[in-house]
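Below you'll find the structure, written out as structure tokens, and then a few comments.
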Amino acid sequence: MVYSQAKVIAGGLAHIPIVIGVFYFIMTFFNKRAIDYAEANKPKKVEKKVVETKVKAKETSSVNAETKTEAPLKVENSKIDKKTMKKKHADVPVNIYRPKTPFEGTVIGNYSLLKEGAIGRVNHITFDLKGSDPFLNYVEGQSIGIMPVGEDANGKPHKLRLYSIASTRHGDDFEGNTVSLCVRQLQYEKDGETINGVCSTYLCDIKPGDKVKITGPVGKEMLLPEEEDANIVMLATGTGIAPMRAYLRRMFEATEKEKNKWNFKGKAWLFMGAPKSANLLYEEDLQRYLENYPDNFKYTKAISREQQNTKGGRMYIQDRVLESANEIFNMIEDEKTHIYLCGLKGMEPGIDEAMTKAAAEKGLNWSELRPQLKKAGRWHVETY
């Protein structure tokens, strides 16, 4: 088909409205998409997200706030876990004399501590330290080593034994140049024969004027706190009273208080275990402290062969701890209270069981509290 120029132009003009319509449709479509997109991303939507974020943050803060309000309850249940760390003791003498270079001290006293009818043999022995150079000084709660004379079955010199010091740094005569021990002779049966402990027998048998090889002092575990208003709970059996005797003399002997310029204002509570009344050690001194310092000293005895516990069995120190559970743990919750345990190693399980039960009555967990007390330097143990 052949078209004239005029027809072609006329035909083109006739399609212009159609093109415009199509263009308008396309523009409308894209404008609508743009509007929808803008609507979807208006600031209002962003603000909503911010608000939601703030709400979540507020909810988190509320949770934290609730957690913070619960924390004091934990502290109320256990006032021990937030306490200060163990303090280091300054200027404590250690190992002035060693096994290869011991000091030879002179015995100036050796007498029995037991009453008639007692079981076994327990002596109080004092050594003169004046000849020591350097001077063998010590503090309450430490131990010294004793090297017994003679040789063992292999022909070698006997090994030294450690004994808790039973005197203050000023000695029994307050002159500052002696040291005293509280020694029980070890005896046991083997194959129908009575065996005597080597060093304990040696010490119980020595006489004034004899020379004894001494090492030490050693130990920082059983030292007293420096605070005058500290509370001291002492759990002892038999010769475990040795360091306790030193503590109590430092606290309550007038000459000691004057020399130390240390005026004890706290509460001292001694739990003492013994098989019979005749086996109670340093009893006269303890009764004197009770009379003179009733507000500062308490003394509780567990005499196994003469007293009965609530179940009708023998009375042991752990039974006394259970009886006084409330008061003991009221003291323990005070950060100034220290507990000292000294005596035969066999006493530890019983004391631990008693403390577990006592803690449970207060809603506390002893297995958690004990290491906390230890870490804070408030739980002191020396058993053998």
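Letters for chains follow the order of the structure tokens (A, B, ...), residue numbers begin at 1 for each chain, and ligand numbers begin at 1 in the order shown.
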Residues near A:Lys336, cut-off 10 Å, only C-alpha atoms, skip fewer than 5 positions along chain, as an MDAnalysis selection string: chainID A and resid 83 225 227:232 266 331 378
Quick one: residues within 12 Å of A:His170, only C-alpha atoms, excluding same-chain residues fewer than 4 positions away - as an NGL selection string? :A and (128-129 or 136-140 or 165-166 or 174-180 or 246 or 249-250 or 253 or 255-260)
Let me see the file: selected residues, C-alpha atoms, as a compact mmCIF listing (two decimals), in the first residue's frame.
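Output (out_29.txt):
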# COMPACT_ATOMS: atom_id res chain seq x y z
CA ASP A 128 65.44 -20.13 128.39
CA LEU A 129 66.17 -18.20 125.19
CA LEU A 136 64.71 -16.34 119.04
CA ASN A 137 61.67 -14.08 119.25
CA TYR A 138 58.13 -15.15 118.35
CA VAL A 139 54.50 -14.04 118.53
CA GLU A 140 51.35 -15.69 119.85
CA ILE A 165 53.77 -22.25 121.67
CA ALA A 166 51.80 -21.93 124.90
CA PHE A 174 56.87 -11.49 131.38
CA GLU A 175 60.62 -10.89 130.94
CA GLY A 176 60.58 -11.71 127.22
CA ASN A 177 63.32 -14.34 127.19
CA THR A 178 61.53 -17.72 127.53
CA VAL A 179 59.20 -19.92 125.52
CA SER A 180 56.80 -22.57 126.86
CA ALA A 246 48.81 -17.58 124.81
CA ARG A 249 47.15 -14.38 128.61
CA ARG A 250 47.69 -11.60 126.08
CA GLU A 253 46.88 -10.79 132.16
CA THR A 255 51.20 -7.30 133.03
CA GLU A 256 50.74 -8.44 129.43
CA LYS A 257 48.20 -5.71 128.71
CA GLU A 258 50.55 -3.12 130.14
CA LYS A 259 53.54 -4.36 128.11
CA ASN A 260 51.62 -4.71 124.85
Quick one: of A:Asn309, A:Ser167, A:Thr215, A:Gln372, who's nearest to A:Arg98, counting only C-alpha atoms?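 Going through A:Asn309, A:Ser167, A:Thr215, A:Gln372 one by one, the smallest distance to A:Arg98 is for A:Thr215.
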Could you pull the residues within 9 Å of A:Gly117, counting only C-alpha atoms, minus those fewer than 3 positions along the same chain, as a list of chain:residue names?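 The residues satisfying every condition are A:Leu114, A:Lys276, A:Ser277, A:Ala278, A:Asn279.
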Pick from A:Leu160, A:Ala360, A:Asn154, A:Asp172, whichever lies nearest to A:Lys100 using only C-alpha atoms: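 Once distances to A:Lys100 are computed over only C-alpha atoms, the minimum belongs to A:Leu160.
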List every residue of stretch 71-268 of chain A that DSSP, applied to the backbone of this structure, places in strand (DSSP E), and write the result as a PyMOL selection string. chain A and resi 103-112+122-128+143-147+161-164+178-184+187-190+193-196+211-218+231-237+268
Name the residues in contact with A:Gly145 at a cut-off of 10 Å, using only C-alpha atoms, excluding same-chain residues fewer than 3 positions from it; report them as a PyMOL selection string. chain A and resi 95+97-99+102+148+159-165+213-218
Might you pull out every residue within 7 Å of A:Tyr111, with only C-alpha atoms counted and same-chain residues fewer than 2 positions away left off, and present them as a list in words? Gly109, Leu113, Asn123, His124 and Ile125 of chain A
Record the distance separating atom CA of A:Asp334 and atom CA of A:Leu224, expressed in Å with one decimal.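 Between atom CA of A:Asp334 and atom CA of A:Leu224 the gap is 16.2 Å.
The space between atom CA of A:Thr126 and atom CA of A:Ala254 spans 21.0 Å.
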Using only C-alpha atoms, which residues sit within 10 Å of stretch 185-193 of chain A once same-chain residues fewer than 4 positions away are excluded, as JSON, numbers by chain? {"A": [120, 121, 122, 123, 197, 198, 199, 200, 201, 202, 203, 204, 205]}
Selection file, N, CA and C atoms, as an mmCIF file, in the first residue's frame:
data_model
loop_
_atom_site.group_PDB
_atom_site.id
_atom_site.type_symbol
_atom_site.label_atom_id
_atom_site.label_comp_id
_atom_site.auth_asym_id
_atom_site.auth_seq_id
_atom_site.Cartn_x
_atom_site.Cartn_y
_atom_site.Cartn_z
ATOM 1 N N GLY A 120 46.545 -40.219 130.998
ATOM 2 C CA GLY A 120 47.725 -39.856 130.247
ATOM 3 C C GLY A 120 48.703 -38.985 131.014
ATOM 4 N N ARG A 121 49.484 -38.249 130.249
ATOM 5 C CA ARG A 121 50.558 -37.437 130.812
ATOM 6 C C ARG A 121 50.698 -36.165 129.974
ATOM 7 N N VAL A 122 50.538 -35.008 130.608
ATOM 8 C CA VAL A 122 50.647 -33.713 129.918
ATOM 9 C C VAL A 122 51.506 -32.785 130.770
ATOM 10 N N ASN A 123 52.553 -32.209 130.177
ATOM 11 C CA ASN A 123 53.480 -31.351 130.914
ATOM 12 C C ASN A 123 53.581 -29.951 130.311
ATOM 13 N N GLY A 197 55.644 -42.141 122.129
ATOM 14 C CA GLY A 197 56.112 -41.208 121.123
ATOM 15 C C GLY A 197 57.534 -40.748 121.428
ATOM 16 N N VAL A 198 58.358 -40.661 120.399
ATOM 17 C CA VAL A 198 59.775 -40.339 120.590
ATOM 18 C C VAL A 198 59.965 -38.950 121.188
ATOM 19 N N CYS A 199 59.467 -37.936 120.501
ATOM 20 C CA CYS A 199 59.740 -36.562 120.937
ATOM 21 C C CYS A 199 58.915 -36.167 122.164
ATOM 22 N N SER A 200 57.657 -36.585 122.199
ATOM 23 C CA SER A 200 56.813 -36.206 123.336
ATOM 24 C C SER A 200 57.321 -36.822 124.639
ATOM 25 N N THR A 201 57.812 -38.066 124.559
ATOM 26 C CA THR A 201 58.380 -38.707 125.750
ATOM 27 C C THR A 201 59.675 -38.008 126.158
ATOM 28 N N TYR A 202 60.485 -37.681 125.164
ATOM 29 C CA TYR A 202 61.738 -36.962 125.415
ATOM 30 C C TYR A 202 61.471 -35.645 126.154
ATOM 31 N N LEU A 203 60.460 -34.914 125.709
ATOM 32 C CA LEU A 203 60.152 -33.625 126.332
ATOM 33 C C LEU A 203 59.572 -33.786 127.730
ATOM 34 N N CYS A 204 58.689 -34.741 127.905
ATOM 35 C CA CYS A 204 58.087 -34.935 129.227
ATOM 36 C C CYS A 204 59.111 -35.426 130.258
ATOM 37 N N ASP A 205 60.201 -36.018 129.782
ATOM 38 C CA ASP A 205 61.213 -36.567 130.689
ATOM 39 C C ASP A 205 62.374 -35.613 130.971
#
Fewer than 4 positions away in the same chain doesn't count, so skip those; otherwise give me all residues within 12 Å of A:Trp379, counting only C-alpha atoms, as an MDAnalysis selection string. chainID A and resid 80 86 221:225 232:235 332 335:342 369:375
Please produce an output containing N, CA, C and O atoms for each residue in the selection, written as a CSV table (one decimal), in the first residue's frame.
chain,number,residue,atom,x,y,z
A,80,ILE,N,29.0,-12.6,105.2
A,80,ILE,CA,30.4,-12.9,105.2
A,80,ILE,C,31.0,-12.8,103.8
A,80,ILE,O,32.2,-12.3,103.7
A,86,LYS,N,41.9,-11.2,103.5
A,86,LYS,CA,42.8,-11.4,104.6
A,86,LYS,C,43.9,-10.4,104.7
A,86,LYS,O,44.5,-10.0,103.7
A,221,GLU,N,49.4,-18.9,110.4
A,221,GLU,CA,48.0,-19.3,110.2
A,221,GLU,C,47.2,-19.0,111.5
A,221,GLU,O,46.0,-18.6,111.4
A,222,MET,N,47.8,-19.1,112.7
A,222,MET,CA,47.1,-18.9,113.9
A,222,MET,C,47.3,-17.6,114.6
A,222,MET,O,47.1,-17.5,115.8
A,223,LEU,N,47.7,-16.6,113.9
A,223,LEU,CA,48.0,-15.3,114.6
A,223,LEU,C,46.7,-14.6,114.9
A,223,LEU,O,45.7,-14.7,114.3
A,224,LEU,N,46.8,-13.8,116.0
A,224,LEU,CA,45.7,-13.0,116.4
A,224,LEU,C,45.5,-11.8,115.6
A,224,LEU,O,46.5,-11.3,115.0
A,225,PRO,N,44.3,-11.3,115.4
A,225,PRO,CA,44.1,-10.1,114.7
A,225,PRO,C,44.6,-8.9,115.5
A,225,PRO,O,44.8,-9.0,116.7
A,232,ILE,N,37.0,-13.5,119.4
A,232,ILE,CA,37.8,-14.7,119.2
A,232,ILE,C,37.1,-15.9,119.7
A,232,ILE,O,36.8,-16.0,121.0
A,233,VAL,N,36.7,-16.8,118.8
A,233,VAL,CA,36.0,-18.0,119.2
A,233,VAL,C,37.1,-19.1,119.1
A,233,VAL,O,37.7,-19.3,118.0
A,234,MET,N,37.3,-19.9,120.1
A,234,MET,CA,38.4,-20.9,120.2
A,234,MET,C,37.9,-22.3,120.5
A,234,MET,O,37.1,-22.5,121.4
A,235,LEU,N,38.2,-23.2,119.6
A,235,LEU,CA,37.7,-24.6,119.7
A,235,LEU,C,39.0,-25.4,119.9
A,235,LEU,O,39.8,-25.6,119.0
A,332,ILE,N,29.7,-14.9,114.1
A,332,ILE,CA,30.4,-15.1,112.8
A,332,ILE,C,30.0,-14.1,111.8
A,332,ILE,O,30.8,-13.6,110.9
A,335,GLU,N,32.1,-9.2,111.0
A,335,GLU,CA,33.3,-9.3,110.3
A,335,GLU,C,34.5,-9.2,111.2
A,335,GLU,O,35.7,-9.6,110.8
A,336,LYS,N,34.4,-8.8,112.5
A,336,LYS,CA,35.5,-8.8,113.4
A,336,LYS,C,35.7,-10.1,114.2
A,336,LYS,O,36.5,-10.2,115.1
A,337,THR,N,34.9,-11.1,113.9
A,337,THR,CA,35.0,-12.4,114.6
A,337,THR,C,35.9,-13.3,113.9
A,337,THR,O,35.8,-13.5,112.7
A,338,HIS,N,36.8,-13.9,114.6
A,338,HIS,CA,37.8,-14.9,114.1
A,338,HIS,C,37.6,-16.2,114.9
A,338,HIS,O,37.3,-16.3,116.1
A,339,ILE,N,37.7,-17.4,114.2
A,339,ILE,CA,37.5,-18.7,114.8
A,339,ILE,C,38.8,-19.5,114.7
A,339,ILE,O,39.5,-19.5,113.6
A,340,TYR,N,39.3,-20.0,115.8
A,340,TYR,CA,40.5,-20.8,115.9
A,340,TYR,C,40.2,-22.2,116.3
A,340,TYR,O,39.5,-22.4,117.3
A,341,LEU,N,40.8,-23.2,115.6
A,341,LEU,CA,40.6,-24.6,115.8
A,341,LEU,C,41.9,-25.2,116.0
A,341,LEU,O,42.8,-25.2,115.1
A,342,CYS,N,42.2,-25.9,117.2
A,342,CYS,CA,43.5,-26.5,117.4
A,342,CYS,C,43.3,-27.8,118.2
A,342,CYS,O,42.6,-27.8,119.2
A,369,LEU,N,30.3,-20.9,103.3
A,369,LEU,CA,30.8,-19.9,104.2
A,369,LEU,C,32.2,-20.1,104.7
A,369,LEU,O,33.0,-19.2,104.9
A,370,ARG,N,32.6,-21.4,104.9
A,370,ARG,CA,33.9,-21.7,105.4
A,370,ARG,C,35.0,-21.2,104.5
A,370,ARG,O,35.9,-20.5,105.0
A,371,PRO,N,35.0,-21.5,103.2
A,371,PRO,CA,36.1,-20.9,102.4
A,371,PRO,C,36.1,-19.4,102.3
A,371,PRO,O,37.1,-18.7,102.2
A,372,GLN,N,34.9,-18.8,102.5
A,372,GLN,CA,34.8,-17.3,102.5
A,372,GLN,C,35.5,-16.8,103.8
A,372,GLN,O,36.2,-15.8,103.7
A,373,LEU,N,35.3,-17.5,104.9
A,373,LEU,CA,35.9,-17.1,106.2
A,373,LEU,C,37.4,-17.3,106.1
A,373,LEU,O,38.2,-16.4,106.5
A,374,LYS,N,37.8,-18.4,105.4
A,374,LYS,CA,39.2,-18.7,105.3
A,374,LYS,C,39.9,-17.6,104.4
A,374,LYS,O,41.0,-17.1,104.7
A,375,LYS,N,39.3,-17.2,103.3
A,375,LYS,CA,39.8,-16.2,102.4
A,375,LYS,C,39.9,-14.9,103.1
A,375,LYS,O,40.9,-14.1,102.8
If you run DSSP on this backbone, which residues of stretch 68-301 of chain A come out as helix (DSSP H, G or I), and could you give them as a ChimeraX atom specification? /A:68-77,198-205,238-252,254-260,277-279,283-292
